[in-house]
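Text of the file coords-v8.txt, holding compact mmCIF, C-alpha atoms:
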# COMPACT_ATOMS: atom_id res chain seq x y z
CA MET A 1 -30.02 -41.12 2.55
CA LEU A 2 -29.38 -38.20 0.21
CA TYR A 3 -31.19 -39.99 -2.61
CA SER A 4 -34.64 -39.29 -1.15
CA VAL A 5 -33.77 -35.60 -0.66
CA LEU A 6 -31.84 -34.76 -3.81
CA SER A 7 -32.97 -37.22 -6.48
CA GLN A 8 -35.55 -34.83 -7.87
CA THR A 9 -33.08 -31.96 -8.34
CA GLN A 10 -30.98 -31.22 -11.39
CA PHE A 11 -27.86 -31.17 -9.21
CA TYR A 12 -28.21 -34.74 -7.97
CA ALA A 13 -25.75 -36.31 -10.41
CA ALA A 14 -23.16 -33.56 -9.93
CA ILE A 15 -23.39 -33.86 -6.14
CA MET A 16 -23.15 -37.64 -6.34
CA PHE A 17 -20.03 -37.52 -8.50
CA LEU A 18 -18.31 -34.90 -6.36
CA VAL A 19 -19.18 -36.35 -2.96
CA SER A 20 -18.31 -39.95 -3.85
CA PHE A 21 -14.99 -38.85 -5.35
CA LEU A 22 -14.13 -36.75 -2.28
CA ILE A 23 -15.09 -39.52 0.13
CA ALA A 24 -12.74 -41.91 -1.67
CA TYR A 25 -9.91 -39.41 -2.19
CA LEU A 26 -9.88 -38.04 1.35
CA SER A 27 -10.24 -41.52 2.87
CA ILE A 28 -7.26 -42.83 0.91
CA LYS A 29 -5.19 -39.75 1.73
CA CYS A 30 -5.97 -39.94 5.46
CA PHE A 31 -5.70 -43.68 6.04
CA MET A 32 -3.08 -44.90 3.57
CA LYS A 33 -0.36 -44.59 6.25
CA VAL A 34 -1.97 -47.27 8.42
CA LEU A 35 -2.11 -49.87 5.65
CA PRO A 36 0.26 -52.87 5.70
CA LYS A 37 3.41 -52.46 3.60
CA ASP A 38 4.13 -54.46 0.48
CA HIS A 39 7.04 -56.90 0.68
CA GLY A 40 7.79 -56.83 -3.04
CA ARG A 41 6.94 -59.63 -5.44
CA GLN A 42 9.83 -61.94 -6.02
CA PHE A 43 8.82 -63.32 -9.41
CA ALA A 44 7.10 -60.26 -10.89
CA VAL A 45 8.82 -57.90 -13.29
CA ASN A 46 9.92 -54.83 -11.29
CA GLY A 47 8.29 -56.42 -8.25
CA ALA A 48 10.98 -55.04 -5.94
CA LEU A 49 9.83 -51.48 -6.76
CA SER A 50 6.62 -52.12 -4.79
CA GLU A 51 8.45 -52.96 -1.58
CA GLY A 52 7.49 -50.64 1.28
CA LYS A 53 4.46 -49.10 -0.44
CA PRO A 54 1.12 -49.16 1.41
CA ARG A 55 -0.79 -52.22 0.28
CA GLY A 56 -4.42 -53.22 0.67
CA ALA A 57 -5.99 -49.87 -0.25
CA GLY A 58 -8.97 -51.89 -1.40
CA ILE A 59 -10.32 -51.80 2.16
CA ILE A 60 -10.47 -48.00 1.97
CA MET A 61 -11.86 -48.02 -1.57
CA SER A 62 -14.58 -50.57 -0.80
CA THR A 63 -15.59 -48.77 2.37
CA ALA A 64 -15.82 -45.47 0.49
CA PHE A 65 -17.85 -47.20 -2.23
CA VAL A 66 -20.33 -48.74 0.22
CA LEU A 67 -20.72 -45.47 2.15
CA SER A 68 -21.36 -43.53 -1.06
CA CYS A 69 -23.87 -46.14 -2.24
CA ALA A 70 -25.66 -45.87 1.10
CA LEU A 71 -26.00 -42.13 0.48
CA PHE A 72 -26.97 -42.09 -3.19
CA VAL A 73 -28.40 -45.48 -4.24
CA PRO A 74 -32.09 -46.18 -3.52
CA PHE A 75 -32.20 -49.02 -1.01
CA THR A 76 -33.33 -52.45 -2.16
CA LEU A 77 -32.59 -55.82 -0.63
CA GLU A 78 -30.88 -56.93 -3.85
CA THR A 79 -28.40 -54.03 -3.99
CA ALA A 80 -27.76 -54.36 -0.25
CA ILE A 81 -26.76 -58.01 -0.70
CA TYR A 82 -24.51 -57.12 -3.62
CA MET A 83 -22.73 -54.51 -1.52
CA LEU A 84 -22.24 -57.05 1.26
CA LEU A 85 -20.72 -59.52 -1.21
CA ILE A 86 -18.42 -56.86 -2.67
CA TYR A 87 -17.29 -56.04 0.86
CA ALA A 88 -16.87 -59.72 1.72
CA ALA A 89 -14.63 -60.20 -1.33
CA MET A 90 -12.61 -57.21 -0.20
CA LEU A 91 -12.16 -58.66 3.30
CA THR A 92 -10.88 -61.99 1.96
CA GLY A 93 -8.32 -60.09 -0.09
CA PHE A 94 -7.36 -57.74 2.73
CA PHE A 95 -6.73 -60.53 5.24
CA ASP A 96 -4.63 -62.27 2.61
CA ASP A 97 -2.71 -59.02 1.97
CA ALA A 98 -2.11 -58.54 5.70
CA ALA A 99 -1.16 -62.16 6.44
CA LYS A 100 2.49 -62.98 7.13
CA GLU A 101 2.12 -66.06 4.95
CA PRO A 102 -0.08 -65.72 1.81
CA TRP A 103 -3.23 -67.82 1.83
CA GLY A 104 -3.19 -70.99 -0.24
CA GLU A 105 -4.92 -71.28 -3.60
CA LEU A 106 -7.46 -73.77 -2.25
CA LYS A 107 -8.57 -71.50 0.58
CA LYS A 108 -8.96 -68.47 -1.67
CA GLY A 109 -10.67 -70.54 -4.37
CA LEU A 110 -13.27 -71.88 -1.94
CA LEU A 111 -13.99 -68.40 -0.57
CA ASP A 112 -14.40 -67.12 -4.14
CA LEU A 113 -16.79 -70.01 -4.82
CA VAL A 114 -18.93 -69.13 -1.79
CA ILE A 115 -19.18 -65.50 -2.95
CA SER A 116 -19.94 -66.62 -6.53
CA VAL A 117 -22.75 -68.91 -5.39
CA ALA A 118 -24.23 -66.20 -3.15
CA ALA A 119 -24.14 -63.63 -5.97
CA THR A 120 -25.80 -66.11 -8.34
CA ILE A 121 -28.58 -67.01 -5.90
CA THR A 122 -29.24 -63.32 -5.26
CA TYR A 123 -29.40 -62.49 -8.95
CA LEU A 124 -31.74 -65.39 -9.76
CA ALA A 125 -34.01 -64.57 -6.83
CA PHE A 126 -34.64 -61.05 -8.13
CA ASN A 127 -34.19 -61.34 -11.90
CA GLY A 128 -34.77 -64.84 -13.24
CA SER A 129 -32.75 -66.59 -15.93
CA ASP A 130 -33.64 -64.72 -19.13
CA ILE A 131 -30.75 -63.18 -21.03
CA VAL A 132 -30.20 -61.21 -24.23
CA ILE A 133 -27.54 -62.13 -26.79
CA PHE A 134 -27.10 -59.77 -29.74
CA ASN A 135 -30.58 -58.29 -29.21
CA LYS A 136 -32.29 -61.69 -29.06
CA SER A 137 -33.90 -62.87 -25.84
CA PHE A 138 -33.37 -66.38 -24.53
CA HIS A 139 -34.69 -68.27 -21.55
CA ILE A 140 -31.93 -70.34 -20.01
CA PRO A 141 -32.80 -73.29 -17.74
CA ILE A 142 -32.13 -72.11 -14.21
CA VAL A 143 -29.56 -74.82 -13.44
CA ILE A 144 -27.51 -74.03 -16.55
CA PHE A 145 -27.79 -70.29 -15.88
CA ALA A 146 -26.66 -70.79 -12.29
CA LEU A 147 -23.60 -72.77 -13.35
CA LEU A 148 -22.65 -70.18 -15.98
CA SER A 149 -23.19 -67.34 -13.51
CA ILE A 150 -21.01 -68.98 -10.86
CA VAL A 151 -18.25 -69.42 -13.45
CA LEU A 152 -18.64 -65.77 -14.50
CA VAL A 153 -18.33 -64.38 -10.97
CA TRP A 154 -15.49 -66.73 -10.00
CA ALA A 155 -13.57 -65.99 -13.21
CA SER A 156 -14.13 -62.23 -12.90
CA ILE A 157 -12.70 -62.23 -9.36
CA ASN A 158 -9.60 -64.13 -10.42
CA VAL A 159 -8.77 -62.48 -13.74
CA THR A 160 -9.23 -59.02 -12.21
CA ASN A 161 -6.98 -60.07 -9.34
CA CYS A 162 -4.31 -61.38 -11.72
CA CYS A 163 -4.27 -58.21 -13.86
CA ASP A 164 -3.38 -56.06 -10.85
CA GLY A 165 0.35 -56.07 -11.42
CA VAL A 166 1.16 -52.78 -13.18
CA ASP A 167 0.72 -49.30 -11.75
CA GLY A 168 -2.65 -47.94 -12.84
CA MET A 169 -3.68 -50.90 -14.98
CA CYS A 170 -6.38 -52.69 -12.98
CA GLY A 171 -8.05 -49.39 -12.11
CA THR A 172 -7.88 -48.05 -15.67
CA LEU A 173 -9.16 -51.22 -17.35
CA SER A 174 -11.96 -51.52 -14.78
CA VAL A 175 -13.06 -47.95 -15.49
CA CYS A 176 -13.12 -48.78 -19.22
CA THR A 177 -15.24 -51.89 -18.64
CA ILE A 178 -17.71 -50.06 -16.40
CA LEU A 179 -18.05 -47.19 -18.89
CA LEU A 180 -18.81 -49.67 -21.68
CA PHE A 181 -21.57 -51.29 -19.61
CA ILE A 182 -22.99 -47.84 -18.83
CA LEU A 183 -23.07 -47.04 -22.55
CA HIS A 184 -24.76 -50.39 -23.21
CA GLY A 185 -27.38 -49.70 -20.54
CA LEU A 186 -27.85 -50.62 -16.89
CA PRO A 187 -30.85 -50.47 -14.55
CA GLY A 188 -31.09 -47.25 -12.53
CA ASP A 189 -29.60 -48.50 -9.27
CA MET A 190 -26.75 -50.30 -11.06
CA ARG A 191 -26.07 -47.18 -13.11
CA ILE A 192 -25.68 -45.11 -9.95
CA MET A 193 -23.45 -47.77 -8.35
CA SER A 194 -21.34 -47.84 -11.51
CA ASP A 195 -20.95 -44.06 -11.49
CA ILE A 196 -19.83 -44.23 -7.87
CA MET A 197 -17.37 -47.05 -8.54
CA ILE A 198 -15.81 -45.00 -11.35
CA MET A 199 -15.35 -42.06 -8.96
CA VAL A 200 -13.71 -44.35 -6.38
CA LEU A 201 -11.37 -45.81 -9.00
CA LEU A 202 -10.44 -42.36 -10.32
CA ALA A 203 -9.60 -41.22 -6.79
CA TYR A 204 -7.44 -44.31 -6.37
CA LEU A 205 -5.69 -43.75 -9.70
CA LEU A 206 -4.47 -40.36 -8.48
CA PHE A 207 -2.30 -42.33 -6.05
CA ASN A 208 -1.68 -45.43 -8.18
CA SER A 209 -0.77 -44.13 -11.64
CA SER A 210 2.87 -44.79 -12.48
CA PRO A 211 4.93 -44.38 -10.36
CA SER A 212 2.44 -45.48 -7.70
CA ARG A 213 2.30 -44.36 -4.09
CA LEU A 214 0.08 -47.21 -2.90
CA LEU A 215 -1.44 -50.48 -4.10
CA MET A 216 -5.01 -51.76 -3.95
CA GLY A 217 -3.86 -55.33 -3.35
CA ASP A 218 -6.20 -58.32 -3.44
CA ALA A 219 -8.57 -56.32 -1.24
CA GLY A 220 -9.29 -54.02 -4.18
CA SER A 221 -8.98 -56.26 -7.21
CA ARG A 222 -11.17 -59.06 -5.84
CA SER A 223 -13.99 -56.70 -4.84
CA ILE A 224 -13.81 -55.00 -8.24
CA GLY A 225 -14.03 -58.42 -9.87
CA VAL A 226 -17.29 -59.13 -8.03
CA PHE A 227 -18.68 -55.75 -9.07
CA LEU A 228 -17.81 -56.26 -12.75
CA ALA A 229 -19.55 -59.64 -12.71
CA ILE A 230 -22.66 -58.17 -11.08
CA ILE A 231 -23.07 -55.38 -13.62
CA SER A 232 -22.47 -57.94 -16.38
CA LEU A 233 -25.40 -59.95 -15.10
CA LYS A 234 -27.58 -56.90 -14.51
CA SER A 235 -26.92 -55.61 -18.03
CA GLY A 236 -29.07 -58.49 -19.26
CA ASP A 237 -26.34 -59.57 -21.68
CA PRO A 238 -23.63 -61.15 -19.50
CA PHE A 239 -21.68 -62.50 -22.47
CA LEU A 240 -20.67 -58.92 -23.22
CA PHE A 241 -18.28 -59.26 -20.28
CA ILE A 242 -15.99 -61.19 -22.63
CA LEU A 243 -15.75 -58.22 -25.01
CA PHE A 244 -16.02 -55.33 -22.56
CA ALA A 245 -13.32 -56.78 -20.30
CA ILE A 246 -11.25 -58.47 -22.99
CA MET A 247 -7.84 -57.25 -21.81
CA ILE A 248 -8.61 -58.02 -18.18
CA ILE A 249 -9.55 -61.54 -19.26
CA LEU A 250 -6.52 -62.03 -21.50
CA ASP A 251 -4.07 -60.55 -19.02
CA GLY A 252 -5.30 -62.52 -16.02
CA GLY A 253 -6.86 -65.50 -17.78
CA LEU A 254 -3.87 -66.60 -19.84
CA GLY A 255 -1.88 -67.11 -16.66
CA LEU A 256 -4.65 -69.22 -15.15
CA LEU A 257 -4.91 -71.23 -18.39
CA LYS A 258 -1.16 -71.76 -18.55
CA LEU A 259 -0.97 -72.91 -14.94
CA SER A 260 -3.98 -75.22 -15.27
CA VAL A 261 -2.77 -76.94 -18.45
CA ARG A 262 0.71 -77.46 -17.06
CA ARG A 263 -0.51 -78.67 -13.69
CA PHE A 264 -3.47 -80.86 -14.64
CA LEU A 265 -2.52 -82.02 -18.14
CA GLY A 266 1.22 -82.31 -17.53
CA LYS A 267 2.16 -80.22 -20.60
CA LYS A 268 5.13 -78.41 -19.08
CA ASP A 269 6.02 -76.59 -22.31
CA PHE A 270 2.53 -75.11 -22.87
CA MET A 271 2.81 -71.38 -23.75
CA GLU A 272 6.54 -71.66 -23.13
CA ASN A 273 7.35 -68.50 -25.07
CA ILE A 274 4.65 -66.34 -23.44
CA ARG A 275 5.32 -64.88 -20.02
CA THR A 276 2.25 -64.53 -17.84
CA PRO A 277 0.52 -62.42 -16.71
CA LEU A 278 0.52 -60.85 -20.15
CA HIS A 279 1.58 -57.47 -18.75
CA ASP A 280 4.87 -59.05 -17.66
CA HIS A 281 5.39 -60.38 -21.21
CA GLN A 282 4.91 -56.83 -22.49
CA ARG A 283 7.42 -55.38 -20.01
CA LYS A 284 10.08 -58.10 -19.91
CA ASN A 285 9.95 -59.60 -23.40
CA LEU A 286 8.89 -56.56 -25.43
CA GLY A 287 10.50 -53.82 -23.34
CA CYS A 288 7.37 -51.72 -22.77
CA SER A 289 7.14 -49.30 -19.86
CA ASP A 290 4.32 -49.50 -17.33
CA THR A 291 2.63 -46.47 -18.90
CA GLN A 292 2.85 -48.00 -22.37
CA VAL A 293 1.32 -51.27 -21.18
CA VAL A 294 -1.61 -49.51 -19.49
CA ALA A 295 -2.26 -47.28 -22.51
CA LYS A 296 -1.99 -50.17 -24.97
CA PHE A 297 -4.32 -52.46 -23.02
CA ALA A 298 -6.87 -49.68 -22.40
CA ILE A 299 -6.94 -48.68 -26.08
CA ILE A 300 -7.43 -52.27 -27.23
CA GLN A 301 -10.19 -52.85 -24.68
CA LEU A 302 -12.03 -49.67 -25.69
CA ILE A 303 -11.76 -50.48 -29.41
CA VAL A 304 -13.11 -54.00 -28.92
CA GLY A 305 -15.81 -52.81 -26.51
CA LEU A 306 -17.02 -49.92 -28.65
CA THR A 307 -17.11 -52.18 -31.70
CA ALA A 308 -19.20 -54.67 -29.74
CA LEU A 309 -21.60 -51.87 -28.74
CA TYR A 310 -22.29 -51.05 -32.36
CA LEU A 311 -22.77 -54.72 -33.23
CA VAL A 312 -25.42 -55.22 -30.54
Take the structure from the file and write it as structure tokens.
Amino acid sequence: MLYSVLSQTQFYAAIMFLVSFLIAYLSIKCFMKVLPKDHGRQFAVNGALSEGKPRGAGIIMSTAFVLSCALFVPFTLETAIYMLLIYAAMLTGFFDDAAKEPWGELKKGLLDLVISVAATITYLAFNGSDIVIFNKSFHIPIVIFALLSIVLVWASINVTNCCDGVDGMCGTLSVCTILLFILHGLPGDMRIMSDIMIMVLLAYLLFNSSPSRLLMGDAGSRSIGVFLAIISLKSGDPFLFILFAIMIILDGGLGLLKLSVRRFLGKKDFMENIRTPLHDHQRKNLGCSDTQVVAKFAIIQLIVGLTALYLV
């Protein structure tokens, strides 16, 4: 790997940024034509505009990410397992994207649960169950920590997936969240992986910013969700995920909350005046353009995240 050769030079970071960006950009440019085509989303605002665009670019993005990590991240068993789980989440999304009939909620939920449990076991095996909350250290009983970690990973996969409905939004908000965790502080290997993920997302945004030329699909959003959960855990203060990813959580989470309350509690009028995902409420009910929604959500997320950084 290039890490062992270049890590001692002053050019290492520059080479890492440039090479990982070019791997992602050139891979997307070369292989986007072979991706399955989007059929349009019947119930989404402006969903018909996506019809015919290459969908499932997450398989290219995740492959570029893993290849770049293999080049620049020092090998450890822990990071290798994380990369496998990120790739596994991508594959579940890609096969769903490519399927003639979308997979059912139960099937996807169980696969997400398997990945969440595997990520939690891996983290606990290498890190233990101590966490920091507002600069105070706490030891959490391992069973409670495991349950909270599983919820974190599962929720991150699903809210990130749900917020991928506006050109450029999932990629932009994910970059914001990763940057906030970098500013907060990450271990060396996670910092390098985060830098690489940002380069991959920036390469993707060149093709996905409004009006988009291709879509990441579940293949991209689900793998990004796993990555965001992992860096949240590795930051030592996983509760910061709530603040650093606030707009991802609100955009994707409100829809999940609305559906759950209506389905399981029978309250059919719950959140009746709020269209979900929240980005559709902004576009349909408030008349915002895609660019306005992305800018608004990114600004709010950065303000909340930067404020949280100063508080902790």
Inset, instruction - Point out the residue among A:Ser232, A:Ser194, A:Ser210, A:Asn135 with the least atom-to-atom distance to Gln292 of chain A, counting only C-alpha atoms. - result: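 Of all the options, A:Ser210 lies closest to Gln292 of chain A.
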Inset, instruction - For Ile300 of chain A, work out the shell of residues within 12 Å, counting all atoms listed in the file and skipping chain neighbours fewer than 6 positions away, then give it as a PyMOL selection string. - result: chain A and resi 173+176-177+243-248+250+293-294+306-307
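Our summary of the geometry notes that atom CA of Ile249 of chain A is positioned 27.3 Å from atom CA of Glu101 of chain A.
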Legend entry - Straight-line distance linking atom CA of Leu35 of chain A with atom CA of Pro54 of chain A, stated in Å to one decimal: 5.4 Å
Inset, instruction - Please indicate the distance in Å from atom CA of Val175 of chain A to atom CA of Ser20 of chain A, rounded to one decimal place. - result: 15.1 Å
Legend entry - Within 10 Å of segment 309-311 of chain A using only C-alpha atoms, minus same-chain residues under 5 positions, as a PyMOL selection string: chain A and resi 134-135+180-181+183-184+240+243-244+303-304
Legend entry - For Tyr82 of chain A, the nearest of the candidates A:Met61, A:Val143, A:Ile230, A:Leu215, counting all atoms listed in the file: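 Of all the options, A:Ile230 lies closest to Tyr82 of chain A.
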